$ cat upload00.csv   # CSV, C-alpha atoms and all ligand atoms
chain,number,residue,atom,x,y,z
L,24,MET,CA,-5.3,-17.5,-10.5
L,25,LEU,CA,-8.2,-15.4,-9.3
L,26,SER,CA,-7.6,-11.8,-10.0
L,27,ILE,CA,-8.6,-10.8,-6.4
L,28,PHE,CA,-5.2,-12.2,-5.3
L,29,ARG,CA,-3.3,-10.6,-8.1
L,30,PRO,CA,-1.8,-7.1,-7.8
L,31,HIS,CA,-1.8,-4.9,-10.9
L,32,LEU,CA,1.9,-4.2,-10.3
L,33,ARG,CA,4.7,-5.4,-8.0
L,34,VAL,CA,7.7,-3.3,-7.0
L,35,ALA,CA,10.4,-3.9,-4.4
L,36,SER,CA,9.6,-0.7,-2.5
L,37,VAL,CA,7.6,2.5,-2.7
L,38,LEU,CA,10.9,4.1,-3.4
L,39,ASP,CA,10.7,2.5,-6.9
L,40,LEU,CA,7.5,4.4,-7.6
L,41,SER,CA,8.6,7.8,-9.0
L,42,THR,CA,6.0,10.6,-9.3
L,43,SER,CA,6.3,10.4,-13.1
L,44,TRP,CA,5.6,6.7,-13.1
L,45,LEU,CA,2.6,7.2,-10.8
L,46,ARG,CA,1.3,9.9,-13.2
L,47,ARG,CA,1.8,7.6,-16.2
L,48,LEU,CA,-0.3,5.0,-14.4
L,49,GLY,CA,-3.1,7.5,-14.4
L,50,LEU,CA,-3.1,8.1,-10.6
L,51,ASP,CA,-4.1,11.1,-8.6
L,52,HIS,CA,-4.8,9.5,-5.2
L,53,LEU,CA,-2.8,7.0,-3.1
L,54,LEU,CA,-4.1,4.8,-0.2
L,55,LEU,CA,-0.9,3.8,1.6
L,56,ASP,CA,-0.5,0.9,4.0
L,57,VAL,CA,1.7,1.7,7.0
L,58,ASP,CA,3.4,-1.3,8.6
L,59,CYS,CA,6.1,-3.0,6.5
L,60,THR,CA,5.2,-0.7,3.6
L,61,LEU,CA,6.3,2.7,4.9
L,62,LYS,CA,8.2,1.5,7.9
L,63,ALA,CA,9.1,-1.6,9.9
L,64,TYR,CA,6.4,-2.7,12.4
L,65,ARG,CA,8.4,-1.5,15.5
L,66,ASP,CA,9.7,1.7,14.0
L,67,GLU,CA,7.9,4.9,14.9
L,68,GLN,CA,9.1,6.8,11.9
L,69,PRO,CA,9.8,6.0,8.2
L,70,SER,CA,13.5,5.9,7.0
L,71,ALA,CA,15.0,9.1,5.7
L,72,GLU,CA,14.6,7.8,2.1
L,73,ILE,CA,10.9,7.0,2.6
L,74,SER,CA,10.3,10.4,4.3
L,75,ALA,CA,11.8,12.1,1.3
L,76,TRP,CA,9.7,9.9,-1.1
L,77,LEU,CA,6.6,10.9,0.9
L,78,GLU,CA,7.5,14.6,0.7
L,79,ALA,CA,7.9,14.4,-3.1
L,80,VAL,CA,4.8,12.3,-3.7
L,81,ARG,CA,2.5,14.4,-1.5
L,82,GLN,CA,3.2,17.5,-3.6
L,83,GLN,CA,1.4,15.8,-6.5
L,84,PHE,CA,-0.8,13.1,-5.1
L,85,GLN,CA,-3.5,13.0,-2.4
L,86,ILE,CA,-2.4,10.5,0.3
L,87,VAL,CA,-4.5,8.7,2.9
L,88,LEU,CA,-2.9,6.1,5.2
L,89,ILE,CA,-5.0,3.0,5.6
L,90,SER,CA,-3.9,0.5,8.3
L,91,ASN,CA,-5.2,-2.5,10.1
L,92,GLY,CA,-3.2,-1.3,13.1
L,93,ARG,CA,-4.6,0.3,16.2
L,94,ALA,CA,-5.9,3.8,15.9
L,95,GLN,CA,-3.7,5.3,18.6
L,96,ARG,CA,-0.4,3.9,17.2
L,97,ILE,CA,-1.2,4.6,13.6
L,98,GLY,CA,-2.6,8.1,14.5
L,99,ARG,CA,0.7,9.0,16.2
L,100,PHE,CA,2.5,8.0,13.0
L,101,ALA,CA,0.1,9.8,10.7
L,102,ASP,CA,0.1,13.0,12.9
L,103,SER,CA,3.9,13.1,12.8
L,104,LEU,CA,3.8,13.2,9.0
L,105,ASP,CA,0.7,15.4,9.0
L,106,LEU,CA,-1.2,12.9,6.8
L,107,PRO,CA,-4.9,11.8,7.1
L,108,PHE,CA,-5.4,8.2,8.1
L,109,LEU,CA,-8.0,5.5,8.7
L,110,ALA,CA,-6.9,2.8,11.2
L,111,GLU,CA,-8.4,-0.6,12.3
L,112,ALA,CA,-9.3,-0.8,8.6
L,113,MET,CA,-10.0,-4.6,8.6
L,114,LYS,CA,-8.4,-5.1,5.2
L,115,PRO,CA,-9.2,-7.2,3.1
L,116,LEU,CA,-12.6,-5.8,3.7
L,117,PRO,CA,-12.9,-2.8,1.3
L,118,ARG,CA,-15.2,-0.7,3.5
L,119,LYS,CA,-12.6,1.8,4.9
L,120,LEU,CA,-10.9,2.2,1.5
L,121,ARG,CA,-14.3,3.2,0.2
L,122,ARG,CA,-14.9,5.5,3.1
L,123,ALA,CA,-11.5,7.2,2.6
L,124,MET,CA,-12.2,7.8,-1.0
L,125,ARG,CA,-15.6,9.2,-0.2
L,126,GLN,CA,-14.3,11.5,2.6
L,127,HIS,CA,-11.5,12.8,0.5
L,128,ASN,CA,-13.2,13.0,-2.9
L,129,MET,CA,-10.9,10.4,-4.5
L,130,ASP,CA,-11.9,9.0,-7.8
L,131,PRO,CA,-11.5,5.2,-7.6
L,132,ARG,CA,-10.4,5.1,-11.3
L,133,ARG,CA,-7.4,7.3,-10.3
L,134,THR,CA,-6.6,5.7,-7.0
L,135,ALA,CA,-4.1,3.0,-6.0
L,136,MET,CA,-3.8,1.0,-2.8
L,137,ILE,CA,-0.1,0.4,-2.1
L,138,GLY,CA,0.8,-2.2,0.5
L,139,ASP,CA,2.8,-5.3,1.3
L,140,GLN,CA,0.1,-7.9,2.0
L,141,LEU,CA,-1.6,-10.0,-0.7
L,142,PHE,CA,-4.4,-11.1,1.7
L,143,ALA,CA,-5.0,-7.6,3.1
L,144,ASP,CA,-3.9,-4.8,0.8
L,145,VAL,CA,-4.3,-6.4,-2.6
L,146,MET,CA,-7.6,-8.1,-1.8
L,147,ALA,CA,-9.0,-4.9,-0.3
L,148,ALA,CA,-7.9,-2.9,-3.4
L,149,ARG,CA,-9.4,-5.4,-5.7
L,150,LEU,CA,-12.7,-5.5,-3.8
L,151,ALA,CA,-12.8,-1.7,-3.7
L,152,GLY,CA,-12.1,-1.5,-7.4
L,153,VAL,CA,-8.9,0.4,-7.3
L,154,MET,CA,-5.4,-0.3,-8.7
L,155,SER,CA,-3.3,-2.6,-6.4
L,156,ILE,CA,0.4,-2.1,-6.1
L,157,LEU,CA,2.3,-4.7,-4.0
L,158,VAL,CA,5.6,-3.9,-2.4
L,159,GLU,CA,8.1,-6.2,-0.7
L,160,ALA,CA,7.6,-6.1,3.1
L,161,ILE,CA,10.1,-4.0,5.2
L,162,HIS,CA,11.3,-6.3,8.1
L,163,PRO,CA,8.3,-8.7,8.1
L,164,GLU,CA,9.8,-10.7,10.9
L,165,GLN,CA,8.9,-7.8,13.3
L,166,GLU,CA,5.2,-8.2,12.6
L,167,ARG,CA,2.6,-9.7,14.8
L,168,TRP,CA,2.0,-13.5,14.5
L,169,PHE,CA,-1.4,-13.0,12.8
L,170,SER,CA,0.3,-11.1,10.0
L,171,ARG,CA,3.3,-13.4,9.8
L,172,VAL,CA,1.2,-16.5,9.3
L,173,LYS,CA,0.0,-15.1,6.0
L,174,ARG,CA,3.5,-14.8,4.5
L,175,ALA,CA,3.9,-18.4,3.5
L,176,PRO,CA,0.7,-18.6,1.5
L,177,GLN,CA,1.5,-15.2,0.0
L,178,HIS,CA,4.9,-16.4,-1.2
L,179,LEU,CA,3.2,-19.5,-2.7
L,180,VAL,CA,0.6,-17.5,-4.6
L,181,LEU,CA,3.2,-14.9,-5.8
L,182,ARG,CA,5.4,-17.8,-7.1
L,183,LEU,CA,2.5,-19.2,-9.0
L,184,GLN,CA,1.7,-15.8,-10.5
L,185,ARG,CA,5.3,-15.3,-11.7
L,186,MET,CA,4.8,-11.5,-11.6
L,187,PRO,CA,8.2,-9.8,-11.9
L,188,LEU,CA,9.2,-6.9,-9.6
L,189,LEU,CA,9.1,-3.9,-11.9
L,190,ARG,CA,11.1,-0.7,-12.0
L,191,ASP,CA,10.1,2.5,-13.7
L,192,SER,CA,11.6,1.8,-17.1
L,193,GLU,CA,10.1,-1.7,-17.3
L,194,GLU,CA,6.6,-0.6,-16.6
L,195,SER,CA,3.9,-3.0,-17.9
L,196,ALA,CA,0.9,-2.7,-15.5
L,197,ASP,CA,-2.3,-3.8,-17.0
I,201,MG,MG,1.5,-3.9,6.0

$ encode --input "upload00.csv" --output "structure tokens" --more "lines below"
Ligand SMILES: [Mg+2]
Amino acid sequence: MLSIFRPHLRVASVLDLSTSWLRRLGLDHLLLDVDCTLKAYRDEQPSAEISAWLEAVRQQFQIVLISNGRAQRIGRFADSLDLPFLAEAMKPLPRKLRRAMRQHNMDPRRTAMIGDQLFADVMAARLAGVMSILVEAIHPEQERWFSRVKRAPQHLVLRLQRMPLLRDSEESAD
């Protein structure tokens, strides 16, 4: 399977990514997808658990939100968390990932893109030359149709790859 479709690591949720594990993965900077990664599409705020995770992670890691969503909606979300963002990112194109890294002095070798979509987040990460971490989508049924149509081929590719969902103690990212 082409590596462009292959995440470096799969986890069930960002909540499985402890700060110590992220450190051991050699990371300083995180590019985070928004919809279905940090919150359900229709939610305005992340859950209490994910808010707490963000609070802990931002103490140690530089975070930029990177979403294909509209700037106004994603901007509202980012402002409420006081996090920098780039919206309308057109992932899988890597252009805005590269821009975010340039603007925020992020070293690509110490950066991961974390998201729920193989054909957007993983491809964009691979094309931008950063680590790719795939999470299981939060309430994908709420997404827009043009995102939902990609779920079936994503499941097929992931089944062929047979990559397990890892937890901290089972770490084996390449
Ligand atoms: Mg998403």

$ closest_residue --input "upload00.csv" --among "L:Phe84, L:Trp44, L:Tyr64, L:Phe28" --to "ligand MG 201 (chain I)" --atoms "all atoms listed in the file"
L:Tyr64

$ closest_residue --input "upload00.csv" --among "L:Ser170, L:Ser74, L:Gln82, L:Asn128" --to "ligand MG 201 (chain I)" --atoms "only C-alpha atoms and all ligand atoms"
L:Ser170

$ residues_near_point --input "upload00.csv" --point "(8.7, 6.7, 13.6)" --cutoff "10 Å" --atoms "only C-alpha atoms" --output "tab-separated table (two decimals) with C-alpha atoms, in the coordinates of the input"
chain	number	residue	atom	x	y	z
L	61	LEU	CA	6.30	2.70	4.90
L	62	LYS	CA	8.20	1.50	7.90
L	63	ALA	CA	9.10	-1.60	9.90
L	64	TYR	CA	6.40	-2.70	12.40
L	65	ARG	CA	8.40	-1.50	15.50
L	66	ASP	CA	9.70	1.70	14.00
L	67	GLU	CA	7.90	4.90	14.90
L	68	GLN	CA	9.10	6.80	11.90
L	69	PRO	CA	9.80	6.00	8.20
L	70	SER	CA	13.50	5.90	7.00
L	99	ARG	CA	0.70	9.00	16.20
L	100	PHE	CA	2.50	8.00	13.00
L	101	ALA	CA	0.10	9.80	10.70
L	103	SER	CA	3.90	13.10	12.80
L	104	LEU	CA	3.80	13.20	9.00

$ closest_residue --input "upload00.csv" --among "L:Met186, L:Val80, L:Val57, L:Leu106" --to "ligand MG 201 (chain I)" --atoms "only C-alpha atoms and all ligand atoms"
L:Val57

$ residues_near_ligand --input "upload00.csv" --ligand "ligand MG 201 (chain I)" --cutoff "6 Å" --atoms "only C-alpha atoms and all ligand atoms" --output "PDB file with C-alpha atoms, keeping the file's coordinate frame"
ATOM      1  CA  ASP L  56      -0.500   0.900   4.000  1.00  0.00           C
ATOM      2  CA  VAL L  57       1.700   1.700   7.000  1.00  0.00           C
ATOM      3  CA  ASP L  58       3.400  -1.300   8.600  1.00  0.00           C
ATOM      4  CA  CYS L  59       6.100  -3.000   6.500  1.00  0.00           C
ATOM      5  CA  THR L  60       5.200  -0.700   3.600  1.00  0.00           C
ATOM      6  CA  GLY L 138       0.800  -2.200   0.500  1.00  0.00           C
ATOM      7  CA  ASP L 139       2.800  -5.300   1.300  1.00  0.00           C
ATOM      8  CA  GLN L 140       0.100  -7.900   2.000  1.00  0.00           C
TER       9      GLN L 140
END

$ atom_distance --input "upload00.csv" --atom1 "CA of Arg96 in chain L" --atom2 "CA of Glu111 in chain L"
10.4 Å

$ atom_distance --input "upload00.csv" --atom1 "CA of Val37 in chain L" --atom2 "CA of Ser155 in chain L"
12.6 Å

$ atom_distance --input "upload00.csv" --atom1 "CA of Arg122 in chain L" --atom2 "CA of Gln83 in chain L"
21.5 Å

$ closest_residue --input "upload00.csv" --among "L:Gln126, L:Asp191, L:Gln177, L:Asp105" --to "Val145 in chain L" --atoms "only C-alpha atoms"
L:Gln177

$ residues_around --input "upload00.csv" --residues "Leu181 in chain L" --least-positions-apart "5" --cutoff "10 Å" --atoms "all atoms listed in the file" --output "VMD selection string"
chain L and resid 28 to 30 33 141 175 to 176 186 to 187

$ residues_around --input "upload00.csv" --residues "Ala148 in chain L" --least-positions-apart "4" --cutoff "10 Å" --atoms "only C-alpha atoms" --output "number ranges by chain"
L: 27-28, 30-31, 54, 114-117, 120-121, 131, 134-138, 141, 143-144, 152-156

$ closest_residue --input "upload00.csv" --among "L:Leu45, L:Gln85, L:Met113, L:Ser36" --to "Glu159 in chain L" --atoms "only C-alpha atoms"
L:Ser36

$ residues_near_point --input "upload00.csv" --point "(-3.4, 11.6, -15.1)" --cutoff "12 Å" --atoms "only C-alpha atoms" --output "MDAnalysis selection string"
chainID L and resid 42:52 83:84 130 132:134

$ closest_residue --input "upload00.csv" --among "L:Ala110, L:Met129, L:Leu40, L:Val172" --to "Phe142 in chain L" --atoms "only C-alpha atoms"
L:Val172
